[in-house]
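Q: Sharing entry_15.txt below, compact mmCIF, C-alpha atoms:
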```txt
# COMPACT_ATOMS: atom_id res chain seq x y z
CA MET A 146 -3.54 26.33 10.80
CA ILE A 147 -7.13 26.58 11.82
CA ARG A 148 -9.47 24.70 9.58
CA GLU A 149 -12.88 26.32 9.57
CA SER A 150 -14.61 23.04 10.34
CA GLN A 151 -12.62 22.71 13.54
CA ILE A 152 -13.58 26.01 15.13
CA GLY A 153 -15.71 25.33 18.15
CA THR A 154 -14.85 21.61 18.32
CA ALA A 155 -11.14 21.79 18.99
CA VAL A 156 -9.76 20.79 22.39
CA LEU A 157 -6.90 23.22 21.85
CA GLU A 158 -6.87 26.32 19.69
CA LEU A 159 -4.21 28.93 19.20
CA ARG A 160 -5.57 31.96 17.38
CA HIS A 161 -2.94 34.35 16.07
CA ALA A 162 -0.92 33.55 19.19
CA SER A 163 2.41 35.35 19.47
CA ARG A 164 4.96 35.44 22.27
CA LEU A 165 7.73 37.98 22.59
CA HIS A 166 10.56 37.65 25.10
CA GLY A 167 12.73 40.56 26.26
CA GLU A 168 12.54 44.19 25.28
CA GLY A 169 14.04 46.63 22.77
CA GLU A 170 16.95 45.34 20.74
CA ARG A 171 17.05 42.17 22.81
CA GLN A 172 13.48 41.32 22.01
CA VAL A 173 13.00 37.84 20.58
CA GLN A 174 9.92 36.61 18.80
CA ALA A 175 9.55 33.13 20.28
CA LEU A 176 6.24 32.47 18.55
CA ALA A 177 4.63 34.46 15.75
CA ASP A 178 0.98 34.42 14.73
CA ALA A 179 0.40 30.74 15.40
CA ASN A 180 -2.97 29.39 14.28
CA ILE A 181 -3.39 25.80 15.36
CA ALA A 182 -6.45 23.72 16.18
CA ILE A 183 -6.36 20.20 17.57
CA GLU A 184 -9.52 18.14 17.60
CA PRO A 185 -10.50 15.34 19.98
CA GLY A 186 -8.77 12.14 18.90
CA GLU A 187 -6.05 13.98 17.01
CA PHE A 188 -2.37 13.33 17.63
CA VAL A 189 -0.13 16.15 16.40
CA ALA A 190 3.67 16.43 16.42
CA ILE A 191 5.72 19.61 16.45
CA MET A 192 9.19 19.55 14.91
CA GLY A 193 11.76 22.23 14.33
CA PRO A 194 15.32 23.22 15.15
CA SER A 195 16.39 24.52 18.58
CA GLY A 196 14.95 27.94 19.27
CA SER A 197 12.18 27.56 16.70
CA GLY A 198 9.42 28.03 19.31
CA LYS A 199 8.41 24.44 20.06
CA SER A 200 8.60 24.72 23.84
CA THR A 201 7.00 28.17 23.82
CA LEU A 202 4.07 26.74 21.89
CA LEU A 203 3.71 23.88 24.36
CA HIS A 204 3.93 26.24 27.37
CA LEU A 205 1.23 28.48 25.90
CA ALA A 206 -0.97 25.46 25.15
CA GLY A 207 -0.64 24.27 28.73
CA GLY A 208 -1.30 27.65 30.32
CA LEU A 209 2.23 27.74 31.73
CA ASP A 210 2.84 30.97 29.80
CA ILE A 211 0.57 33.56 28.22
CA PRO A 212 0.73 34.97 24.69
CA THR A 213 1.84 38.56 24.11
CA SER A 214 -1.01 38.77 21.62
CA GLY A 215 -3.64 36.41 20.28
CA GLN A 216 -5.60 33.74 22.11
CA VAL A 217 -5.10 30.25 23.53
CA LEU A 218 -8.33 28.32 24.08
CA VAL A 219 -8.56 25.01 25.93
CA GLU A 220 -11.92 23.32 25.41
CA GLY A 221 -13.28 26.68 24.26
CA THR A 222 -12.05 28.70 27.25
CA ASP A 223 -9.66 31.57 26.55
CA LEU A 224 -6.93 31.08 29.16
CA ALA A 225 -6.22 34.84 29.22
CA THR A 226 -9.69 35.50 30.66
CA LEU A 227 -8.98 33.37 33.73
CA SER A 228 -7.46 34.27 37.06
CA ILE A 229 -4.25 32.49 38.07
CA ALA A 230 -6.29 30.18 40.32
CA GLN A 231 -8.83 29.42 37.57
CA CYS A 232 -6.02 28.74 35.11
CA ALA A 233 -4.46 26.34 37.61
CA VAL A 234 -7.76 24.48 37.81
CA ILE A 235 -7.90 24.16 33.99
CA ARG A 236 -4.34 22.88 34.00
CA ARG A 237 -5.18 20.29 36.63
CA ARG A 238 -8.48 19.13 35.17
CA SER A 239 -8.11 19.48 31.42
CA VAL A 240 -4.43 19.39 30.58
CA GLY A 241 -1.93 16.59 31.15
CA TYR A 242 1.78 17.30 30.78
CA VAL A 243 4.46 14.73 29.97
CA PHE A 244 8.06 15.87 30.32
CA GLN A 245 11.28 14.43 28.94
CA ASP A 246 12.65 13.94 32.45
CA PHE A 247 9.35 12.53 33.80
CA ASN A 248 9.08 15.03 36.74
CA LEU A 249 7.83 12.43 39.19
CA LEU A 250 7.97 13.28 42.88
CA PRO A 251 10.70 11.01 44.29
CA ALA A 252 9.19 10.62 47.75
CA LEU A 253 5.88 9.31 46.42
CA THR A 254 5.01 5.91 44.96
CA ALA A 255 3.76 5.61 41.38
CA ALA A 256 0.13 5.49 42.52
CA GLU A 257 0.65 8.48 44.84
CA ASN A 258 2.30 10.45 42.03
CA VAL A 259 -0.62 9.74 39.71
CA ALA A 260 -3.26 10.43 42.38
CA PHE A 261 -1.59 13.65 43.54
CA PRO A 262 -3.31 16.09 41.11
CA LEU A 263 -6.69 14.54 41.93
CA GLU A 264 -6.17 14.93 45.66
CA LEU A 265 -5.20 18.56 45.07
CA ASP A 266 -8.50 18.84 43.28
CA GLY A 267 -10.43 17.58 46.30
CA TRP A 268 -10.86 13.91 45.44
CA SER A 269 -10.95 11.53 48.41
CA ARG A 270 -7.76 9.52 48.86
CA ARG A 271 -9.57 6.25 48.12
CA LYS A 272 -11.21 7.48 44.91
CA ALA A 273 -8.01 9.16 43.74
CA ARG A 274 -6.10 5.89 44.25
CA GLU A 275 -8.74 3.92 42.33
CA GLU A 276 -8.44 6.34 39.42
CA ALA A 277 -4.64 6.25 39.64
CA LEU A 278 -4.60 2.44 39.52
CA ALA A 279 -6.89 2.48 36.48
CA ARG A 280 -4.58 4.88 34.65
CA LEU A 281 -1.47 2.90 35.61
CA ALA A 282 -3.19 -0.17 34.17
CA GLU A 283 -4.00 1.77 31.01
CA THR A 284 -0.34 2.58 30.47
CA GLY A 285 0.71 -0.99 31.26
CA VAL A 286 2.47 -0.43 34.60
CA ALA A 287 -0.16 -1.47 37.18
CA GLU A 288 2.43 -3.62 38.92
CA LEU A 289 4.51 -0.53 39.74
CA ALA A 290 1.77 1.13 41.81
CA ASP A 291 3.60 0.92 45.12
CA ARG A 292 7.14 1.49 43.87
CA ARG A 293 9.03 4.77 44.04
CA PRO A 294 10.56 6.37 40.90
CA GLU A 295 14.14 5.54 41.97
CA SER A 296 13.45 1.83 41.44
CA MET A 297 12.01 2.23 37.95
CA SER A 298 13.62 2.14 34.51
CA GLY A 299 13.28 5.20 32.27
CA GLY A 300 10.52 3.56 30.26
CA GLN A 301 8.60 2.60 33.40
CA ALA A 302 8.94 6.11 34.87
CA GLN A 303 7.69 7.66 31.63
CA ARG A 304 4.65 5.37 31.60
CA VAL A 305 3.88 6.43 35.16
CA ALA A 306 4.29 10.07 34.10
CA ILE A 307 1.86 9.52 31.24
CA ALA A 308 -0.59 7.86 33.64
CA ARG A 309 -0.35 10.97 35.81
CA ALA A 310 -0.99 13.14 32.76
CA LEU A 311 -4.10 11.10 31.97
CA VAL A 312 -5.87 11.13 35.35
CA GLY A 313 -9.29 12.64 35.71
CA PRO A 314 -11.26 13.91 32.73
CA ARG A 315 -8.23 15.38 30.93
CA ARG A 316 -8.70 15.56 27.21
CA LEU A 317 -5.57 17.46 26.23
CA LEU A 318 -2.19 15.80 26.56
CA LEU A 319 0.97 17.85 26.01
CA ALA A 320 4.21 15.93 25.67
CA ASP A 321 7.64 17.58 25.55
CA GLU A 322 10.16 15.14 24.02
CA PRO A 323 8.55 12.23 25.89
CA THR A 324 10.91 9.73 24.28
CA GLY A 325 14.04 11.85 24.55
CA ALA A 326 15.64 9.93 27.41
CA LEU A 327 14.56 6.49 26.25
CA ASP A 328 15.95 3.84 23.93
CA SER A 329 14.19 3.24 20.63
CA THR A 330 12.17 0.19 21.72
CA THR A 331 10.94 1.87 24.91
CA GLY A 332 10.26 5.06 22.96
CA THR A 333 8.08 3.10 20.55
CA ALA A 334 6.14 1.62 23.47
CA ILE A 335 5.54 5.13 24.84
CA LEU A 336 4.33 6.27 21.43
CA GLN A 337 1.89 3.37 21.41
CA VAL A 338 0.46 4.59 24.73
CA LEU A 339 0.04 8.14 23.38
CA ARG A 340 -1.42 6.84 20.12
CA ASP A 341 -3.94 4.68 22.01
CA ARG A 342 -4.93 7.66 24.12
CA ALA A 343 -5.55 9.77 21.02
CA ASP A 344 -7.50 6.90 19.43
CA ASN A 345 -9.67 6.95 22.57
CA GLY A 346 -10.56 10.60 22.09
CA ALA A 347 -7.83 12.73 23.69
CA ALA A 348 -6.08 15.51 21.80
CA VAL A 349 -2.32 14.97 21.98
CA LEU A 350 0.34 17.54 21.10
CA MET A 351 3.92 16.28 21.18
CA VAL A 352 7.22 18.04 20.63
CA THR A 353 9.83 15.70 19.16
CA HIS A 354 13.00 15.84 17.11
CA GLU A 355 12.69 12.19 16.06
CA ALA A 356 11.00 11.78 12.68
CA ARG A 357 10.25 8.12 13.39
CA PHE A 358 8.15 9.15 16.39
CA ALA A 359 6.51 12.09 14.60
CA ALA A 360 5.40 9.52 12.02
CA TRP A 361 3.08 7.99 14.63
CA THR A 362 0.92 11.11 14.67
CA ASP A 363 -1.89 12.31 12.42
CA ARG A 364 0.08 15.33 11.29
CA THR A 365 3.34 17.08 11.97
CA LEU A 366 3.75 20.85 12.23
CA PHE A 367 7.13 22.35 11.37
CA LEU A 368 8.27 25.46 13.21
CA ARG A 369 11.06 27.78 12.19
CA ASP A 370 11.89 31.12 13.80
CA GLY A 371 8.66 31.04 15.78
CA ARG A 372 6.45 30.41 12.77
CA VAL A 373 4.53 27.36 11.63
CA ILE A 374 6.01 27.03 8.16
CA ASP A 375 4.64 23.72 6.96
CA GLN A 376 2.84 20.55 7.92
CA SER A 377 2.93 16.94 6.85
CA GLY A 378 0.87 13.84 7.50
CA PRO A 379 -0.07 10.50 6.05
CA SER A 380 -1.41 10.25 2.55
CA ASP A 381 -3.70 7.44 1.51
CA PRO A 382 -3.24 4.82 4.25
CA SER A 383 -4.09 2.00 1.87
CA MET A 384 -1.31 3.01 -0.50
CA LEU A 385 1.47 0.88 0.86
CA LEU A 386 -0.18 -2.31 1.90
CA ALA A 387 -3.39 -3.55 0.37
CA ARG A 388 -3.44 -6.18 3.07
CA GLU A 389 -7.19 -6.63 3.07
CA SER A 390 -6.92 -7.97 -0.47
CA ARG A 391 -4.65 -10.79 0.62
CA MET B 98 16.03 -6.89 -7.16
CA SER B 99 16.78 -10.41 -8.40
CA VAL B 100 13.44 -11.98 -9.29
CA LYS B 101 15.37 -15.01 -10.45
CA HIS B 102 16.87 -15.71 -7.04
CA ALA B 103 13.65 -14.86 -5.21
CA LEU B 104 11.80 -17.52 -7.22
CA LEU B 105 14.58 -20.06 -6.76
CA ALA B 106 14.54 -19.41 -3.00
CA LEU B 107 10.78 -19.96 -2.83
CA LEU B 108 11.08 -23.16 -4.89
CA SER B 109 13.76 -24.45 -2.50
CA TRP B 110 11.02 -24.32 0.15
CA LYS B 111 8.45 -26.30 -1.89
CA PRO B 112 7.43 -26.95 -5.50
CA SER B 113 4.93 -24.29 -6.62
CA THR B 114 2.81 -23.19 -9.51
CA MET B 115 3.43 -19.84 -11.14
CA TYR B 116 0.45 -18.24 -9.37
CA GLN B 117 1.43 -19.67 -5.98
CA LEU B 118 4.96 -18.33 -6.43
CA ARG B 119 3.66 -14.82 -7.04
CA LYS B 120 1.35 -15.08 -4.02
CA ASP B 121 4.15 -16.32 -1.74
CA PHE B 122 6.51 -13.60 -2.96
CA ASP B 123 3.95 -10.85 -2.25
CA ALA B 124 3.14 -12.31 1.16
CA SER B 125 6.76 -12.44 2.25
CA THR B 126 7.61 -8.92 1.09
CA GLY B 127 4.51 -7.13 2.34
CA GLU B 128 3.43 -6.45 -1.26
CA THR B 129 5.91 -3.62 -1.41
CA TRP B 130 7.49 -5.01 -4.60
CA PRO B 131 4.51 -6.50 -6.38
CA LEU B 132 5.42 -8.94 -9.16
CA ASN B 133 3.20 -9.22 -12.18
CA ILE B 134 2.43 -12.68 -13.46
CA GLY B 135 4.21 -11.92 -16.74
CA GLN B 136 7.49 -11.34 -14.86
CA VAL B 137 7.09 -14.63 -13.03
CA SER B 138 6.30 -16.50 -16.24
CA THR B 139 9.23 -15.04 -18.19
CA THR B 140 11.65 -15.65 -15.34
CA LEU B 141 10.55 -19.27 -14.94
CA GLN B 142 11.05 -19.86 -18.68
CA ARG B 143 14.60 -18.49 -18.43
CA LEU B 144 15.32 -20.59 -15.37
CA GLU B 145 14.08 -23.69 -17.22
CA ARG B 146 16.24 -22.80 -20.22
CA ASP B 147 19.24 -22.55 -17.90
CA GLY B 148 18.47 -25.91 -16.32
CA LEU B 149 17.68 -24.52 -12.86
CA VAL B 150 13.98 -25.49 -12.65
CA GLU B 151 11.70 -28.07 -14.23
CA LEU B 152 8.02 -28.95 -14.26
CA GLU B 153 6.79 -31.70 -11.98
CA ALA B 154 4.07 -34.16 -12.96
CA ALA B 155 0.60 -33.31 -11.64
CA PRO B 156 -2.74 -35.11 -11.57
CA ALA B 157 -4.81 -34.60 -14.69
CA GLY B 158 -6.52 -31.23 -14.84
CA GLU B 159 -4.25 -29.61 -12.24
CA PRO B 160 -1.47 -27.14 -13.07
CA GLU B 161 2.03 -28.61 -13.02
CA PRO B 162 4.17 -27.14 -10.25
CA TRP B 163 7.74 -26.00 -10.79
CA ARG B 164 10.59 -27.51 -8.79
CA LEU B 165 14.33 -27.00 -8.51
CA THR B 166 16.84 -29.13 -10.38
CA ASP B 167 20.13 -30.06 -8.67
CA ARG B 168 21.75 -27.09 -10.43
CA GLY B 169 18.96 -24.87 -9.15
CA ARG B 170 19.62 -26.06 -5.58
CA LEU B 171 23.30 -25.23 -5.95
CA GLU B 172 22.39 -21.78 -7.30
CA VAL B 173 20.16 -21.03 -4.29
CA HIS B 174 22.85 -22.27 -1.92
CA ALA B 175 25.39 -19.95 -3.55
CA TRP B 176 22.93 -17.03 -3.31
CA TRP B 177 22.32 -17.50 0.41
CA ASN B 178 26.07 -17.63 0.95
CA SER B 179 26.96 -14.46 -0.98
CA PRO B 180 26.45 -10.87 0.17
CA VAL B 181 24.20 -8.71 -1.98
CA PRO B 182 26.57 -6.53 -4.04
CA ARG B 183 26.65 -2.94 -2.85
CA GLU B 184 28.02 -0.30 -5.15
CA THR B 185 28.94 3.28 -4.42
CA PRO B 186 25.66 5.19 -4.22
CA GLY B 187 24.71 6.15 -7.72
CA ARG B 188 22.57 8.79 -9.26
CA ASP B 189 20.03 9.93 -6.70
CA GLU B 190 17.93 12.82 -7.94
CA LEU B 191 17.61 14.39 -4.50
CA VAL B 192 21.37 14.37 -3.91
CA ILE B 193 22.03 15.87 -7.33
CA LYS B 194 19.26 18.42 -6.85
CA LEU B 195 20.69 19.67 -3.55
CA ALA B 196 24.23 19.67 -4.89
CA LEU B 197 23.02 21.84 -7.74
CA ALA B 198 20.94 24.02 -5.41
CA VAL B 199 24.04 25.13 -3.52
CA THR B 200 25.73 25.84 -6.84
CA VAL B 201 23.13 27.58 -8.98
CA PRO B 202 22.31 31.16 -7.89
CA GLY B 203 18.85 32.13 -6.73
CA VAL B 204 17.64 28.82 -5.30
CA ASP B 205 15.89 29.00 -1.92
CA ILE B 206 17.67 26.01 -0.39
CA ALA B 207 15.93 26.20 2.98
CA ASP B 208 12.58 26.05 1.23
CA LEU B 209 13.74 23.21 -0.99
CA VAL B 210 14.93 21.22 2.05
CA GLN B 211 11.67 21.83 3.90
CA ARG B 212 9.51 20.76 0.95
CA GLN B 213 11.50 17.56 0.66
CA ARG B 214 11.38 16.97 4.43
CA SER B 215 7.62 17.33 4.41
CA ALA B 216 7.26 14.95 1.46
CA THR B 217 9.63 12.37 2.93
CA LEU B 218 7.96 12.56 6.34
CA ARG B 219 4.65 11.91 4.60
CA VAL B 220 6.11 8.66 3.30
CA LEU B 221 7.39 7.82 6.80
CA HIS B 222 3.89 8.50 8.18
CA ASP B 223 2.47 6.04 5.64
CA ILE B 224 5.03 3.33 6.29
CA THR B 225 4.66 3.70 10.06
CA LYS B 226 0.90 3.45 9.81
CA ALA B 227 1.22 0.30 7.71
CA ARG B 228 3.83 -1.10 10.12
CA ARG B 229 1.51 -0.57 13.10
CA GLY B 230 -1.10 -2.70 11.35
CA VAL B 231 1.23 -5.66 10.85
CA ASP B 232 0.75 -8.74 13.01
CA GLU B 233 3.86 -9.11 15.19
CA ALA B 234 4.05 -12.75 14.07
CA ASP B 235 4.39 -11.65 10.42
CA ILE B 236 8.15 -11.33 10.68
CA ALA B 237 8.92 -11.13 6.94
CA VAL B 238 6.63 -8.12 6.44
CA ARG B 239 7.93 -6.49 9.63
CA LEU B 240 11.50 -6.76 8.33
CA VAL B 241 10.59 -5.21 4.99
CA LEU B 242 8.67 -2.29 6.50
CA ASP B 243 11.32 -1.69 9.18
CA ASN B 244 13.87 -1.41 6.37
CA HIS B 245 11.69 1.24 4.71
CA ILE B 246 11.42 3.09 8.04
CA PHE B 247 15.19 3.07 8.55
CA THR B 248 16.00 4.26 5.03
CA THR B 249 13.32 6.97 5.06
CA GLU B 250 14.44 8.15 8.47
CA ALA B 251 18.04 8.25 7.20
CA GLU B 252 16.99 10.62 4.42
CA LEU B 253 15.26 12.90 6.96
CA ARG B 254 18.37 12.91 9.14
CA TRP B 255 20.47 13.76 6.11
CA LEU B 256 18.11 16.67 5.29
CA ASP B 257 18.51 17.92 8.88
CA ASP B 258 22.26 17.67 8.42
CA VAL B 259 22.11 19.59 5.13
CA GLU B 260 20.17 22.35 6.86
CA GLU B 261 22.58 22.49 9.79
CA THR B 262 25.57 22.54 7.45
CA LEU B 263 24.11 25.46 5.55
CA VAL B 264 23.42 27.38 8.75
CA ARG B 265 26.90 26.59 10.10
CA THR B 266 28.72 27.63 6.97
CA LYS B 267 26.25 30.43 6.28
CA ALA B 268 26.28 29.22 2.72
CA THR B 269 23.99 31.40 0.69
CA VAL B 270 24.66 31.50 -3.00
CA PRO B 271 28.18 30.91 -4.23
CA VAL B 272 29.60 32.98 -7.04
CA GLN B 273 29.32 31.16 -10.35
CA THR B 274 32.66 30.59 -11.99
CA GLU B 275 33.93 28.53 -14.88
CA THR B 276 35.78 26.35 -12.41
CA LYS B 277 33.79 23.44 -11.13
CA THR B 278 32.85 23.71 -7.47
CA PRO B 279 33.18 20.69 -5.18
CA ALA B 280 29.41 20.28 -5.35
CA MET B 281 29.48 20.16 -9.14
CA LYS B 282 32.34 17.67 -9.06
CA ALA B 283 30.34 15.51 -6.64
CA ALA B 284 27.30 15.71 -8.93
CA ALA B 285 29.42 14.74 -11.91
CA ARG B 286 30.91 11.78 -10.02
CA SER B 287 27.46 10.63 -8.97
CA LYS B 288 26.19 10.79 -12.55
CA ARG B 289 28.87 8.43 -13.79
```
What would the structure in this file look like if it were written as structure tokens?

A:
Amino acid sequence: MIRESQIGTAVLELRHASRLHGEGERQVQALADANIAIEPGEFVAIMGPSGSGKSTLLHLAGGLDIPTSGQVLVEGTDLATLSIAQCAVIRRRSVGYVFQDFNLLPALTAAENVAFPLELDGWSRRKAREEALARLAETGVAELADRRPESMSGGQAQRVAIARALVGPRRLLLADEPTGALDSTTGTAILQVLRDRADNGAAVLMVTHEARFAAWTDRTLFLRDGRVIDQSGPSDPSMLLARESR
Amino acid sequence: MSVKHALLALLSWKPSTMYQLRKDFDASTGETWPLNIGQVSTTLQRLERDGLVELEAAPAGEPEPWRLTDRGRLEVHAWWNSPVPRETPGRDELVIKLALAVTVPGVDIADLVQRQRSATLRVLHDITKARRGVDEADIAVRLVLDNHIFTTEAELRWLDDVEETLVRTKATVPVQTETKTPAMKAAARSKR
């Protein structure tokens, strides 16, 4: 749902993006004519039943897959116009990915996991570690810097994974069921980290099946059969509690 | 909602004027059930008539505060020690609407469910936003808003379940007959 005012300012834009899988009678329309724009500072949730296209949308947004037709633009760059190497650079520098199962490298400490994409990008080890420690502090797990994933709780590992997704100048954060493996309290803490990041200017796109977590976002897109069928968001925020009048 | 017992409970904490009672009630419930001063006044008059509260002497020129009588204290004690009565869920328009939607031909149930989901999620967005702004030390307001979050989320889960049930049973539009369908019977029960 592109809003005219957003064109040109969005961190992520899908323009008539479609993705087909398979061929002939076995062809499946995973995503159909998606028009989505996410501005800096906007936190957006995607909800929908299994097979509705949520993961496909996230993969396209992160440059992990390419649309059969239409465009995906990250910070104004059409990913389809890039070589594989250039796309990898965009993914490393502009896009942070948070997975349900954290995807931390088990042999590395938290700080090494977070610094890893920066070192791949040519940062010196010392500078990459400094940046990693800053991001671990931002997500509230600075004390875990020298611990390996095996000694962390699920909530701690997810915070480290988010820190890794935040390193460098990344302004687009893609989260695939980031609270899926966590209890409700820890899930809420993770949502707070993502919310804070959006409030500090990042664009965040999160797939979730939990309405209580979708409610933390600025708007929720509903997918069904590969199509964005509806969206919902807060109404007047002062409606429920006129606390300032107390 | 028993305004009577809410006022008695607040008066068991300290004697209060009518305006202070309203203020304390709003503060402890997050202003989600605002009381108007007329309700407070009428309720206090009834409580006085029933011998549960009385006016306390006050310095000249100051409003007299209300306080509990011994009977009022017993009433509050009994209230704290009794569960809030829960009846079988009654007439809920959404439940009736969906029950009728699977009965009456030509209704796009998937669309109906989605419209409701979107509207209910909007409410959950609002409550969550309000909840995030609450001071963690403000436990009474946290409890009230958390209750709203749980009940709103329950409705969304139920809508998901309705959708899954329809997909699973491939229920489209049943044939209308003179015999009441289970859905109609459920609607009739709920109306009673």

Q: Distance table requested - chain B against chain A, cut-off 8 Å, only C-alpha atoms: one row per qualifying residue with the closest atom pair and its distance in Å to one decimal, ordered by chain and rising residue number, as CSV.

A:
```
residue,atom,partner,partner_atom,distance
B:Ala124,CA,A:Arg391,CA,8.0
B:Gly127,CA,A:Leu386,CA,6.7
B:Glu128,CA,A:Leu386,CA,6.3
B:Thr129,CA,A:Leu385,CA,6.7
B:Gln211,CA,A:Asp375,CA,7.9
B:Ser215,CA,A:Ser377,CA,5.3
B:Ala216,CA,A:Ser377,CA,7.2
B:Leu218,CA,A:Ser377,CA,6.7
B:Arg219,CA,A:Pro379,CA,5.1
B:Val220,CA,A:Pro379,CA,7.0
B:Leu221,CA,A:Ala360,CA,5.8
B:His222,CA,A:Ala360,CA,4.3
B:Asp223,CA,A:Pro379,CA,5.1
B:Ile224,CA,A:Leu385,CA,6.9
B:Thr225,CA,A:Ala360,CA,6.2
B:Lys226,CA,A:Trp361,CA,7.0
B:Ala227,CA,A:Leu386,CA,6.5
B:Ile246,CA,A:Arg357,CA,7.4
B:Glu250,CA,A:Arg357,CA,6.5
B:Leu253,CA,A:Ala356,CA,7.2
```

Q: Taking all atoms of segment 218-228 of chain B that the file lists and extending 3 Å past them on each side, where is the centre of the axis-aligned box and how long are its edges? Answer in Å to one decimal, as AutoDock Vina command-line options.

A:
```
--center_x 4.4 --center_y 5.7 --center_z 6.7 --size_x 13.1 --size_y 19.7 --size_z 12.8
```

Q: Which value, in Å to one decimal, gives the distance between atom CA of Val234 of chain A and atom CA of Glu264 of chain A?

A: 12.5 Å

Q: Pick from B:Leu197, B:Leu242, B:Val150, B:Leu263: nearest to Leu105 of chain B, with all atoms listed in the file counted?

A: B:Val150

Q: Neighbouring residues of Ala225 of chain A were defined as those with any atom within 8 Å, considering only C-alpha atoms; residues of the same chain fewer than 6 positions away were excluded. Please report them as an MDAnalysis selection string.

A: chainID A and resid 211 216:217

Q: Which one of B:Glu184, B:Arg228, B:Gly135, B:Arg119 sits closest to Val241 of chain B if you count all atoms listed in the file?

A: B:Arg228

Q: Taking only C-alpha atoms into account, which of A:Thr201, A:Gln231, A:Asn345, A:Gln303 comes nearest Ala326 of chain A?

A: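 The answer is A:Gln303, which sits nearest to Ala326 of chain A.
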
Q: What is the atom CA of Lys120 of chain B to atom CA of Arg168 of chain B distance in Å?

A: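 Atom CA of Lys120 of chain B sits 24.5 Å away from atom CA of Arg168 of chain B.
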
Q: To one decimal place, how far is atom CA of Thr331 of chain A from atom CA of Gly208 of chain A in Å?

A: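 Computing the Euclidean distance for atom CA of Thr331 of chain A and atom CA of Gly208 of chain A yields 29.0 Å.
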
Q: Just want the 8 Å neighbourhood of segment 237-250 of chain A, counted on all atoms listed in the file, with same-chain residues fewer than 3 positions away dropped. Output as a PyMOL selection string.

A: chain A and resi 207+219+233-234+253+258+262-263+266+294+302-303+306-307+309-326

Q: When you count all atoms listed in the file, which of these residues is closest to Ile335 of chain A: A:Ser296, A:Thr284, A:Asp370, A:Gly196?

A: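 Using all atoms listed in the file, the shortest distance to Ile335 of chain A belongs to A:Thr284.
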
Q: Please provide the set of residues having any atom within 8 Å of Arg164 of chain B, restricted to all atoms listed in the file, with same-chain residues fewer than 2 positions apart removed, written as a list of chain:residue names.

A: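 Listing them by chain and then by number gives B:Leu108, B:Ser109, B:Lys111, B:Pro112, B:Ser113, B:Val150, B:Glu151, B:Leu152, B:Glu153, B:Pro162, B:Thr166.
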